[in-house]
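S.K.: Would you mind keeping the following structure in view while I ask a few things?
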Amino acid sequence: MTQVESVPPGQVIVGPPDRVTAWFIRRSAALPAWAGPAAALVCIAGALGYTQITDPTHSSAGEPPSCLLKLTTGFDCPGCGGTRAAWYLMHGDLAAAARHHLLFVFAVPFLLYAYVAWASKKVFDKQLPQLRVGPKTIAWFLGIWGAFTILRNLPWAPFTWLYV
């Protein structure tokens, strides 16, 4: 019997990390616990700040921020309207945000909670209840998102309401 055959199902044999991976592991171990959540927060703040400054609600297809797919084909991509939805959420207009990207508005509370749960565990070692998202839930969400993407590009009512 070889060693590979004696590995339990679901286990992965991992050898020693290469030099680059080992360097990153050493560097990340030296960072304070709050560094990861702070870096993520800086990225989120940067994205929201950019959205606030550019005001995507008054830009045309060729102005920043723009969607390359919509600019070249005229079709809404799966994320089209997400930046405008974020802008409207920042200004407290939930109806306009949902009008531009309903699934984005639906996902925001879950994403915010996931960030807070992760950050509180990393920084304060306080365990909040975790969101358990299984493969079936992800498959359903992606299926609904795919159907939403197709329906929002249909040129007749009531689907034209979804066109941004």
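Following the order of the structure tokens, chains are lettered A, B, ..., residues in each are numbered from 1, and ligands are numbered from 1.
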Using only C-alpha atoms, which residues sit within 9 Å of Tyr88 of chain A once same-chain residues fewer than 4 positions away are excluded, as a ChimeraX atom specification?

M.R.: /A:57,83-84,92-98,100

S.K.: Show me, as a list in words, the residues that have an atom within 8 Å of segment 149-158 of chain A when counting only C-alpha atoms, minus same-chain residues fewer than 6 positions from it.

M.R.: Phe75, Asp76, Cys77 and Pro78 of chain A

S.K.: Pull N, CA and C atoms from the residues just selected and write them as a short mmCIF file (atom, residue, chain, number, x, y, z; two decimals), in the first residue's frame.

M.R.:
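The result, stored in again_26.cif:
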```cif
data_model
loop_
_atom_site.label_atom_id
_atom_site.label_comp_id
_atom_site.auth_asym_id
_atom_site.auth_seq_id
_atom_site.Cartn_x
_atom_site.Cartn_y
_atom_site.Cartn_z
N PHE A 75 -25.52 45.92 -24.45
CA PHE A 75 -26.20 45.03 -23.52
C PHE A 75 -25.74 45.30 -22.09
N ASP A 76 -26.65 45.10 -21.14
CA ASP A 76 -26.29 45.19 -19.73
C ASP A 76 -25.58 43.92 -19.31
N CYS A 77 -24.43 44.07 -18.67
CA CYS A 77 -23.70 42.91 -18.16
C CYS A 77 -24.29 42.51 -16.80
N PRO A 78 -23.85 41.40 -16.21
CA PRO A 78 -24.39 41.00 -14.91
C PRO A 78 -24.21 42.04 -13.82
#
```

S.K.: For each of A:Leu102, A:Lys136, A:Ala114, A:Ala47, take the minimum atom-to-atom distance to Trp161 of chain A, counting only C-alpha atoms, then give the residue where this is smallest.

M.R.: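 Looking only at the distances to Trp161 of chain A, the closest residue turns out to be A:Leu102.
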
S.K.: Choose the residue, out of A:Phe124, A:Val116, A:Val20, A:Phe110, that has the smallest atom-to-atom separation from Ala33 of chain A; count only C-alpha atoms.

M.R.: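 Looking at the shortest contact to Ala33 of chain A, the residue is A:Phe124.
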
S.K.: Residues within 12 Å of Leu111 of chain A, please, as a PDB file with N, CA and C atoms, in the first residue's frame. Count only C-alpha atoms; anything in the same chain fewer than 5 positions from it doesn't count.

M.R.:
```
ATOM      1  N   ILE A  44     -12.750  49.172   0.480  1.00  0.00           N
ATOM      2  CA  ILE A  44     -14.180  49.485   0.395  1.00  0.00           C
ATOM      3  C   ILE A  44     -14.383  50.993   0.406  1.00  0.00           C
ATOM      4  N   PHE A 104     -27.826  43.335  -6.384  1.00  0.00           N
ATOM      5  CA  PHE A 104     -26.768  44.006  -5.624  1.00  0.00           C
ATOM      6  C   PHE A 104     -27.330  44.504  -4.295  1.00  0.00           C
ATOM      7  N   VAL A 105     -28.482  45.143  -4.360  1.00  0.00           N
ATOM      8  CA  VAL A 105     -29.119  45.670  -3.142  1.00  0.00           C
ATOM      9  C   VAL A 105     -29.462  44.522  -2.190  1.00  0.00           C
ATOM     10  N   PHE A 106     -29.899  43.396  -2.728  1.00  0.00           N
ATOM     11  CA  PHE A 106     -30.208  42.224  -1.916  1.00  0.00           C
ATOM     12  C   PHE A 106     -28.950  41.684  -1.231  1.00  0.00           C
ATOM     13  N   VAL A 116     -18.326  42.213   8.906  1.00  0.00           N
ATOM     14  CA  VAL A 116     -18.316  42.518  10.341  1.00  0.00           C
ATOM     15  C   VAL A 116     -17.999  41.256  11.148  1.00  0.00           C
ATOM     16  N   ALA A 117     -18.579  40.117  10.781  1.00  0.00           N
ATOM     17  CA  ALA A 117     -18.307  38.866  11.498  1.00  0.00           C
ATOM     18  C   ALA A 117     -16.836  38.477  11.361  1.00  0.00           C
ATOM     19  N   TRP A 118     -16.296  38.606  10.159  1.00  0.00           N
ATOM     20  CA  TRP A 118     -14.885  38.269   9.935  1.00  0.00           C
ATOM     21  C   TRP A 118     -13.962  39.225  10.683  1.00  0.00           C
ATOM     22  N   GLN A 130     -21.994  32.801  12.129  1.00  0.00           N
ATOM     23  CA  GLN A 130     -21.553  32.836  10.737  1.00  0.00           C
ATOM     24  C   GLN A 130     -22.713  32.550   9.800  1.00  0.00           C
ATOM     25  N   LEU A 131     -22.682  33.198   8.641  1.00  0.00           N
ATOM     26  CA  LEU A 131     -23.640  32.888   7.595  1.00  0.00           C
ATOM     27  C   LEU A 131     -23.198  31.585   6.938  1.00  0.00           C
ATOM     28  N   VAL A 133     -23.440  29.426   3.943  1.00  0.00           N
ATOM     29  CA  VAL A 133     -23.867  29.440   2.548  1.00  0.00           C
ATOM     30  C   VAL A 133     -23.298  28.194   1.892  1.00  0.00           C
TER      31      VAL A 133
END
```

S.K.: Taking the DSSP assignment computed from this structure's backbone, write out as a PyMOL selection string all residues of chain A that belong to helix (DSSP H, G or I).

M.R.: chain A and resi 4-6+19-30+35-54+56-58+68-73+82-90+94-100+102-124+135-151+159-162

S.K.: For a test of reading the model, state the distance in Å between atom CA of Leu48 of chain A and atom CA of Ala35 of chain A, rounded to one decimal.

M.R.: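 Computing the Euclidean distance for atom CA of Leu48 of chain A and atom CA of Ala35 of chain A yields 19.8 Å.
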